[in-house]
Structure formats: C-alpha cells, structure tokens
>>> print(open('upload-v3.cif').read())   # mmCIF, C-alpha atoms and all ligand atoms
data_protein
#
loop_
_atom_site.group_PDB
_atom_site.id
_atom_site.type_symbol
_atom_site.label_atom_id
_atom_site.label_comp_id
_atom_site.auth_asym_id
_atom_site.auth_seq_id
_atom_site.Cartn_x
_atom_site.Cartn_y
_atom_site.Cartn_z
ATOM 1 C CA MET A 1 -95.012 6.044 -32.959
ATOM 2 C CA LEU A 2 -96.060 6.289 -36.523
ATOM 3 C CA ILE A 3 -96.362 3.871 -39.382
ATOM 4 C CA THR A 4 -95.521 4.293 -43.020
ATOM 5 C CA LYS A 5 -97.707 2.097 -45.163
ATOM 6 C CA LEU A 6 -97.126 1.428 -48.843
ATOM 7 C CA LYS A 7 -99.624 3.089 -51.163
ATOM 8 C CA ALA A 8 -101.556 0.761 -53.466
ATOM 9 C CA LYS A 9 -99.288 -0.799 -56.087
ATOM 10 C CA GLU A 10 -101.370 0.541 -58.978
ATOM 11 C CA ASP A 11 -101.193 4.062 -57.519
ATOM 12 C CA ILE A 12 -97.396 3.879 -57.285
ATOM 13 C CA GLU A 13 -97.087 2.459 -60.801
ATOM 14 C CA ALA A 14 -99.278 5.299 -62.095
ATOM 15 C CA LEU A 15 -96.931 7.819 -60.463
ATOM 16 C CA VAL A 16 -93.839 6.464 -62.178
ATOM 17 C CA THR A 17 -93.325 8.305 -65.420
ATOM 18 C CA GLY A 18 -90.021 7.775 -67.208
ATOM 19 C CA LYS A 19 -86.908 6.979 -65.200
ATOM 20 C CA VAL A 20 -87.012 7.028 -61.424
ATOM 21 C CA PHE A 21 -84.520 7.381 -58.580
ATOM 22 C CA ILE A 22 -85.717 5.754 -55.348
ATOM 23 C CA VAL A 23 -85.072 6.902 -51.784
ATOM 24 C CA ASN A 24 -85.906 4.596 -48.880
ATOM 25 C CA CYS A 25 -85.772 6.025 -45.390
ATOM 26 C CA HIS A 26 -85.598 3.310 -42.799
ATOM 27 C CA GLY A 27 -86.309 6.062 -40.398
ATOM 28 C CA CYS A 28 -85.903 6.568 -36.770
ATOM 29 C CA LYS A 29 -86.996 4.087 -34.175
ATOM 30 C CA GLU A 30 -90.387 5.816 -33.904
ATOM 31 C CA VAL A 31 -91.275 4.825 -37.476
ATOM 32 C CA SER A 32 -92.326 1.446 -38.789
ATOM 33 C CA PHE A 33 -91.305 0.990 -42.449
ATOM 34 C CA PRO A 34 -92.872 -1.590 -44.852
ATOM 35 C CA GLU A 35 -89.438 -2.904 -45.803
ATOM 36 C CA ALA A 36 -90.341 -6.226 -47.437
ATOM 37 C CA GLU A 37 -93.244 -4.839 -49.498
ATOM 38 C CA ALA A 38 -91.209 -1.839 -50.644
ATOM 39 C CA LYS A 39 -88.314 -4.072 -51.655
ATOM 40 C CA ALA A 40 -90.588 -6.371 -53.695
ATOM 41 C CA LEU A 41 -92.207 -3.458 -55.499
ATOM 42 C CA GLN A 42 -88.872 -1.785 -56.175
ATOM 43 C CA LYS A 43 -87.470 -5.035 -57.584
ATOM 44 C CA GLU A 44 -90.292 -5.033 -60.139
ATOM 45 C CA LEU A 45 -89.482 -1.444 -61.077
ATOM 46 C CA CYS A 46 -85.776 -2.341 -61.378
ATOM 47 C CA ASP A 47 -86.606 -5.341 -63.565
ATOM 48 C CA SER A 48 -88.583 -3.057 -65.871
ATOM 49 C CA GLY A 49 -85.441 -0.931 -66.381
ATOM 50 C CA LYS A 50 -86.992 2.232 -64.973
ATOM 51 C CA VAL A 51 -84.729 2.690 -61.942
ATOM 52 C CA THR A 52 -81.529 4.772 -62.243
ATOM 53 C CA GLY A 53 -80.509 4.157 -58.635
ATOM 54 C CA ILE A 54 -81.644 3.491 -55.081
ATOM 55 C CA LEU A 55 -80.541 5.173 -51.870
ATOM 56 C CA THR A 56 -81.509 3.385 -48.671
ATOM 57 C CA THR A 57 -80.684 5.441 -45.647
ATOM 58 C CA ASP A 58 -82.193 6.943 -42.511
ATOM 59 C CA TYR A 59 -83.117 10.372 -41.173
ATOM 60 C CA ILE A 60 -83.789 12.011 -44.534
ATOM 61 C CA CYS A 61 -85.651 14.595 -42.438
ATOM 62 C CA ASN A 62 -82.193 15.845 -41.405
ATOM 63 C CA PRO A 63 -81.512 18.209 -44.351
ATOM 64 C CA GLU A 64 -77.720 18.424 -44.030
ATOM 65 C CA ASN A 65 -77.342 14.686 -43.663
ATOM 66 C CA MET A 66 -79.797 14.066 -46.510
ATOM 67 C CA LYS A 67 -78.006 16.461 -48.904
ATOM 68 C CA LEU A 68 -74.643 14.743 -48.340
ATOM 69 C CA ARG A 69 -76.135 11.327 -49.012
ATOM 70 C CA LEU A 70 -78.161 12.420 -52.044
ATOM 71 C CA GLU A 71 -75.253 14.252 -53.636
ATOM 72 C CA LYS A 72 -73.282 10.993 -53.756
ATOM 73 C CA HIS A 73 -75.983 9.825 -56.195
ATOM 74 C CA ARG A 74 -76.133 13.040 -58.194
ATOM 75 C CA LYS A 75 -75.537 11.385 -61.608
ATOM 76 C CA GLU A 76 -78.264 8.794 -61.010
ATOM 77 C CA ILE A 77 -80.663 11.476 -59.807
ATOM 78 C CA ASP A 78 -79.926 13.710 -62.805
ATOM 79 C CA ALA A 79 -80.573 10.734 -65.091
ATOM 80 C CA ALA A 80 -84.019 10.251 -63.529
ATOM 81 C CA ASP A 81 -87.231 12.073 -64.426
ATOM 82 C CA MET A 82 -88.501 11.804 -60.877
ATOM 83 C CA VAL A 83 -87.616 10.804 -57.328
ATOM 84 C CA LEU A 84 -89.863 8.321 -55.532
ATOM 85 C CA VAL A 85 -89.559 8.465 -51.753
ATOM 86 C CA PHE A 86 -90.596 5.746 -49.337
ATOM 87 C CA SER A 87 -90.698 7.484 -45.964
ATOM 88 C CA CYS A 88 -92.972 9.392 -43.641
ATOM 89 C CA GLY A 89 -94.466 12.676 -44.862
ATOM 90 C CA VAL A 90 -91.690 14.779 -43.362
ATOM 91 C CA GLY A 91 -89.061 12.828 -45.294
ATOM 92 C CA VAL A 92 -90.886 13.266 -48.604
ATOM 93 C CA GLN A 93 -91.277 16.999 -47.954
ATOM 94 C CA SER A 94 -87.547 17.278 -47.172
ATOM 95 C CA VAL A 95 -86.602 15.707 -50.508
ATOM 96 C CA ALA A 96 -89.247 17.731 -52.411
ATOM 97 C CA GLU A 97 -87.858 20.947 -50.911
ATOM 98 C CA TYR A 98 -84.319 20.008 -51.940
ATOM 99 C CA PHE A 99 -85.308 19.078 -55.512
ATOM 100 C CA GLU A 100 -88.022 21.692 -55.860
ATOM 101 C CA ASP A 101 -87.795 21.711 -59.662
ATOM 102 C CA LYS A 102 -87.992 17.916 -59.955
ATOM 103 C CA LYS A 103 -91.014 15.633 -59.620
ATOM 104 C CA VAL A 104 -90.837 14.081 -56.137
ATOM 105 C CA CYS A 105 -93.501 11.556 -55.136
ATOM 106 C CA ALA A 106 -94.514 9.725 -51.993
ATOM 107 C CA GLY A 107 -94.715 5.937 -52.122
ATOM 108 C CA CYS A 108 -96.215 5.694 -48.629
ATOM 109 C CA ASP A 109 -99.043 6.990 -46.501
ATOM 110 C CA THR A 110 -98.229 7.972 -42.932
ATOM 111 C CA ILE A 111 -100.418 6.853 -40.067
ATOM 112 C CA ALA A 112 -100.189 7.858 -36.422
ATOM 113 C CA LEU A 113 -99.994 5.494 -33.498
ATOM 114 C CA PRO A 114 -100.307 6.500 -29.851
ATOM 115 C CA GLY A 115 -97.147 7.500 -28.049
ATOM 116 C CA PHE A 116 -94.090 9.599 -28.816
ATOM 117 C CA GLN A 117 -94.215 10.970 -32.365
ATOM 118 C CA GLY A 118 -90.582 11.942 -32.737
ATOM 119 C CA VAL A 119 -89.276 15.474 -33.165
ATOM 120 C CA THR A 120 -88.129 17.373 -36.195
ATOM 121 C CA PRO A 121 -86.362 20.726 -36.328
ATOM 122 C CA LEU A 122 -87.969 21.433 -39.698
ATOM 123 C CA GLU A 123 -90.656 23.976 -40.477
ATOM 124 C CA TYR A 124 -92.697 21.469 -42.408
ATOM 125 C CA LYS A 125 -94.525 18.766 -40.587
ATOM 126 C CA CYS A 126 -96.657 15.696 -41.218
ATOM 127 C CA ASP A 127 -99.926 15.276 -39.356
ATOM 128 C CA GLN A 128 -99.888 11.540 -40.102
ATOM 129 C CA CYS A 129 -103.269 11.836 -41.779
ATOM 130 C CA GLY A 130 -103.198 8.336 -43.286
ATOM 131 C CA GLU A 131 -103.907 9.555 -46.821
ATOM 132 C CA CYS A 132 -100.886 11.436 -48.120
ATOM 133 C CA TYR A 133 -101.676 14.279 -50.526
ATOM 134 C CA LEU A 134 -98.103 15.207 -51.391
ATOM 135 C CA ASN A 135 -98.350 13.665 -54.861
ATOM 136 C CA ILE A 136 -100.919 16.226 -55.954
ATOM 137 C CA THR A 137 -99.585 19.211 -54.031
ATOM 138 C CA GLY A 138 -96.011 19.374 -55.288
ATOM 139 C CA GLY A 139 -94.615 17.851 -52.090
ATOM 140 C CA ILE A 140 -96.061 20.499 -49.750
ATOM 141 C CA CYS A 141 -98.418 19.152 -47.084
ATOM 142 C CA PRO A 142 -101.807 20.910 -47.257
ATOM 143 C CA LEU A 143 -102.734 19.732 -43.768
ATOM 144 C CA THR A 144 -99.810 21.400 -42.045
ATOM 145 C CA ALA A 145 -98.916 24.230 -44.459
ATOM 146 C CA CYS A 146 -102.493 25.587 -44.489
ATOM 147 C CA SER A 147 -103.975 27.003 -41.275
ATOM 148 C CA LYS A 148 -107.319 25.419 -42.093
ATOM 149 C CA SER A 149 -105.793 22.123 -43.302
ATOM 150 C CA LEU A 150 -107.696 22.516 -46.547
ATOM 151 C CA VAL A 151 -107.161 19.724 -49.051
ATOM 152 C CA ASN A 152 -109.125 21.193 -51.941
ATOM 153 C CA GLY A 153 -107.405 24.491 -52.597
ATOM 154 C CA GLN A 154 -107.050 28.022 -51.375
ATOM 155 C CA CYS A 155 -109.747 29.537 -49.157
ATOM 156 C CA GLY A 156 -109.526 32.888 -50.934
ATOM 157 C CA GLY A 157 -108.553 34.871 -47.849
ATOM 158 C CA ALA A 158 -104.818 35.201 -48.512
ATOM 159 C CA LYS A 159 -103.415 38.713 -48.933
ATOM 160 C CA ASP A 160 -100.065 39.298 -50.638
ATOM 161 C CA GLY A 161 -99.333 35.598 -50.282
ATOM 162 C CA LYS A 162 -99.896 35.631 -46.507
ATOM 163 C CA CYS A 163 -102.433 33.478 -44.674
ATOM 164 C CA GLU A 164 -105.612 35.208 -43.460
ATOM 165 C CA VAL A 165 -105.496 33.237 -40.204
ATOM 166 C CA ASP A 166 -101.840 33.997 -39.474
ATOM 167 C CA PRO A 167 -100.429 36.919 -41.485
ATOM 168 C CA ASN A 168 -96.943 35.936 -40.328
ATOM 169 C CA MET A 169 -97.017 32.753 -42.383
ATOM 170 C CA GLU A 170 -97.090 32.221 -46.107
ATOM 171 C CA CYS A 171 -100.358 30.846 -47.448
ATOM 172 C CA GLY A 172 -99.768 27.122 -47.862
ATOM 173 C CA TRP A 173 -101.905 26.946 -50.975
ATOM 174 C CA GLU A 174 -100.064 29.888 -52.531
ATOM 175 C CA ARG A 175 -96.863 27.894 -51.955
ATOM 176 C CA ILE A 176 -98.463 24.801 -53.488
ATOM 177 C CA TYR A 177 -99.551 26.844 -56.519
ATOM 178 C CA GLN A 178 -96.065 28.294 -57.001
ATOM 179 C CA ARG A 179 -94.396 24.873 -56.617
ATOM 180 C CA LEU A 180 -96.781 23.245 -59.130
ATOM 181 C CA LYS A 181 -96.235 26.138 -61.534
ATOM 182 C CA MET A 182 -92.460 25.666 -61.270
ATOM 183 C CA LEU A 183 -92.899 21.956 -61.970
ATOM 184 C CA GLY A 184 -95.223 22.617 -64.917
ATOM 185 C CA ARG A 185 -97.925 20.635 -63.075
ATOM 186 C CA LEU A 186 -100.703 23.183 -62.595
ATOM 187 C CA ASP A 187 -102.951 20.536 -64.163
ATOM 188 C CA LEU A 188 -102.919 18.823 -60.759
ATOM 189 C CA LEU A 189 -105.076 21.656 -59.423
ATOM 190 C CA LYS A 190 -107.811 20.332 -61.708
ATOM 191 C CA VAL A 191 -107.878 16.974 -59.935
ATOM 192 C CA PRO A 192 -111.490 16.637 -58.683
ATOM 193 C CA VAL A 193 -112.172 17.991 -55.200
ATOM 194 C CA GLN A 194 -110.340 15.954 -52.608
ATOM 195 C CA LEU A 195 -112.369 14.736 -49.677
ATOM 196 C CA ARG A 196 -110.585 13.772 -46.479
ATOM 197 C CA ASN A 197 -111.176 10.207 -45.426
ATOM 198 C CA TYR A 198 -111.087 10.678 -41.668
ATOM 199 C CA ALA A 199 -111.374 6.923 -41.205
ATOM 200 C CA THR A 200 -107.672 6.709 -42.154
ATOM 201 C CA ASP A 201 -106.685 9.129 -39.392
ATOM 202 C CA LYS A 202 -104.892 7.532 -36.482
ATOM 203 C CA GLU A 203 -105.685 4.011 -37.665
ATOM 204 C CA VAL A 204 -103.355 1.214 -38.668
HETATM 205 S S1 LIG B 301 -100.729 14.820 -46.500
HETATM 206 FE FE1 LIG B 301 -99.449 15.769 -44.932
HETATM 207 S S2 LIG B 301 -100.257 14.972 -42.997
HETATM 208 FE FE2 LIG B 301 -100.999 13.610 -44.606
HETATM 209 S S3 LIG B 301 -99.443 11.933 -44.683
HETATM 210 FE FE3 LIG B 301 -98.896 13.499 -46.261
HETATM 211 S S4 LIG B 301 -97.409 14.842 -45.231
HETATM 212 FE FE4 LIG B 301 -98.499 13.685 -43.618
HETATM 213 S S1 LIG B 302 -105.059 31.826 -46.493
HETATM 214 FE FE1 LIG B 302 -104.047 30.030 -47.364
HETATM 215 S S2 LIG B 302 -103.009 28.996 -45.626
HETATM 216 FE FE2 LIG B 302 -104.465 30.479 -44.792
HETATM 217 S S3 LIG B 302 -106.305 29.271 -44.405
HETATM 218 FE FE3 LIG B 302 -106.549 30.191 -46.449
HETATM 219 S S4 LIG B 302 -105.731 28.677 -47.917
HETATM 220 FE FE4 LIG B 302 -105.038 28.092 -45.845
#
>>> encode(input="upload-v3.cif", output="structure tokens", more="lines below")
Ligand code: SF4
Ligand code: SF4
Amino acid sequence: MLITKLKAKEDIEALVTGKVFIVNCHGCKEVSFPEAEAKALQKELCDSGKVTGILTTDYICNPENMKLRLEKHRKEIDAADMVLVFSCGVGVQSVAEYFEDKKVCAGCDTIALPGFQGVTPLEYKCDQCGECYLNITGGICPLTACSKSLVNGQCGGAKDGKCEVDPNMECGWERIYQRLKMLGRLDLLKVPVQLRNYATDKEV
C-alpha cells in the first residue's frame, strides 16, 4: 500500500503560476488518494479562474492509456502554463515525461505503507519518500534516478553523462539538469541544499 497526501495548501498555491490544467489520478487499489481535500482545493483554484480543465482518471502510470486520455484535453492543456498532478510519484513522473517542455508539478507527497506496493512497467520509480522533490527537479525523482539517491545535486563522478556507480545508466542529476535547462528553470538548482527528512519515510 501507499498513500498520497496533499502537500500544504500554501505550497501548492505557490506552485501555481498562470493558468493550470489539473490531473487527478484516483489510482489503483494499492493507493489511497486524498479525494475530498484535493476537490476542495481545486474548487478554490477553479473559482479564482486559473483552471483551464481537469482530468480525473486512473492509472496515469500507464503511458499509452494516459496519452489517450490527456490528448482528449489537448486544447485545455495547451491553454495552460502548467500541469498540476495529484497522484503518486510515478504518476507525476509519467506526465512530466510526456510534457517534458511544460511545467509539471506534484500536488501530493507519497508515503509508503506496509504490504504490496503495486507494480509498474516503467523505468522511473517512486521510493515513497514522503517528501516529494519532483517540483524542484523537473519531474525526475532524485531518489530513484540517482544511484546514491542524492537530493542536493550531482556527486561529480559522472562521465559522459553516465553514472559512476552504474555506467550503464544515465546520471540522474545530468538528466535533471538537462530537463531544467529545457524548461528554462535552472534557477531551481540554486534552491538551498535540500536535506532529507527521514521522519517522513514510511510514515502516515
Ligand atoms: S521524490 Fe521520488 S521517491 Fe520521493 S515521493 Fe517524489 S517521486 Fe517518490
Ligand atoms: S553519477 Fe549521477 S546518478 Fe550516479 S551517483 Fe553521482 S549524481 Fe547520482
């Protein structure tokens, strides 16, 4: 099991710049979704005139399924400056990969519970760390894309874009750098050093 928990309201409001398209993933049966809280917050955003559209669906971690559903909202998505996703970390990464030149943000943190965690055929994963970093890493998870799970930038050991721990994989932080560069958000690399709050790991 895992739980998606809404980020603090002020943090979400600070993320929303310009017009926003919202994606809710009600997930698979392994995921608990904060449906009522998300709905209340999204109503406020709608009332403020910032929302171009909302897609509420499931399994956005299934790329083919997700693309078909998102494309039905193409006009609303094009009219938005960003996409705000309420889902587990895998879902947010799936949308960020699809719209890699658009600002995609996570509205939730993902927290692990004991038991079956679900399966995904995707390369990117979520470690359910309880403190989602995707909003400052261009939608690429530093915990799972980096061999050392570094949250404060590249270790300096990468060679030709490959990880020093596993030369068969791309350096996660090189990918984060390239994604932020594409988004024109290299300023996010100047966010003060991120410290992991391990108290959020595997807690509700
Ligand atoms: S930073 Fe990574 S491990 Fe943590 S919640 Fe986000 S996607 Fe999951
Ligand atoms: S080379 Fe890149 S992916 Fe590998 S441990 Fe260092 S920062 Fe992480």
>>> resolve_selection(input="upload-v3.cif", expression="the PyMOL selection byres (((not hetatm)) within 12 of (chain B and resi 301))", output="ChimeraX atom specification")
/A:2-7,85-94,96,105-112,124-146,149-152,172,194,196-198,200-202
>>> resolve_selection(input="upload-v3.cif", expression="the PyMOL selection byres (((not hetatm)) within 10 of (chain B and resi 302))", output="VMD selection string")
chain A and resid 142 to 167 169 to 176
>>> residues_near_point(input="upload-v3.cif", point="(-102.4, 23.5, -60.2)", cutoff="10 Å", atoms="all atoms listed in the file", output="PyMOL selection string")
chain A and resi 136-138+153+173+176-181+183-191
>>> atom_distance(input="upload-v3.cif", atom1="atom CA of Ile22 of chain A", atom2="atom CA of Ile54 of chain A")
4.7 Å
>>> atom_distance(input="upload-v3.cif", atom1="atom CA of Asp58 of chain A", atom2="atom CA of His26 of chain A")
5.0 Å
>>> residues_around(input="upload-v3.cif", residues="Glu35 of chain A", least_positions_apart="4", cutoff="9 Å", atoms="all atoms listed in the file", output="ChimeraX atom specification")
/A:24,26,39-40
>>> write_last_selection(input="upload-v3.cif", atoms="C-alpha atoms", output="CSV table (one decimal), in the coordinates of the input")
chain,number,residue,atom,x,y,z
A,24,ASN,CA,-85.9,4.6,-48.9
A,26,HIS,CA,-85.6,3.3,-42.8
A,39,LYS,CA,-88.3,-4.1,-51.7
A,40,ALA,CA,-90.6,-6.4,-53.7
>>> residues_around(input="upload-v3.cif", residues="Val83 of chain A", least_positions_apart="2", cutoff="6 Å", atoms="all atoms listed in the file", output="ChimeraX atom specification")
/A:20-22,104
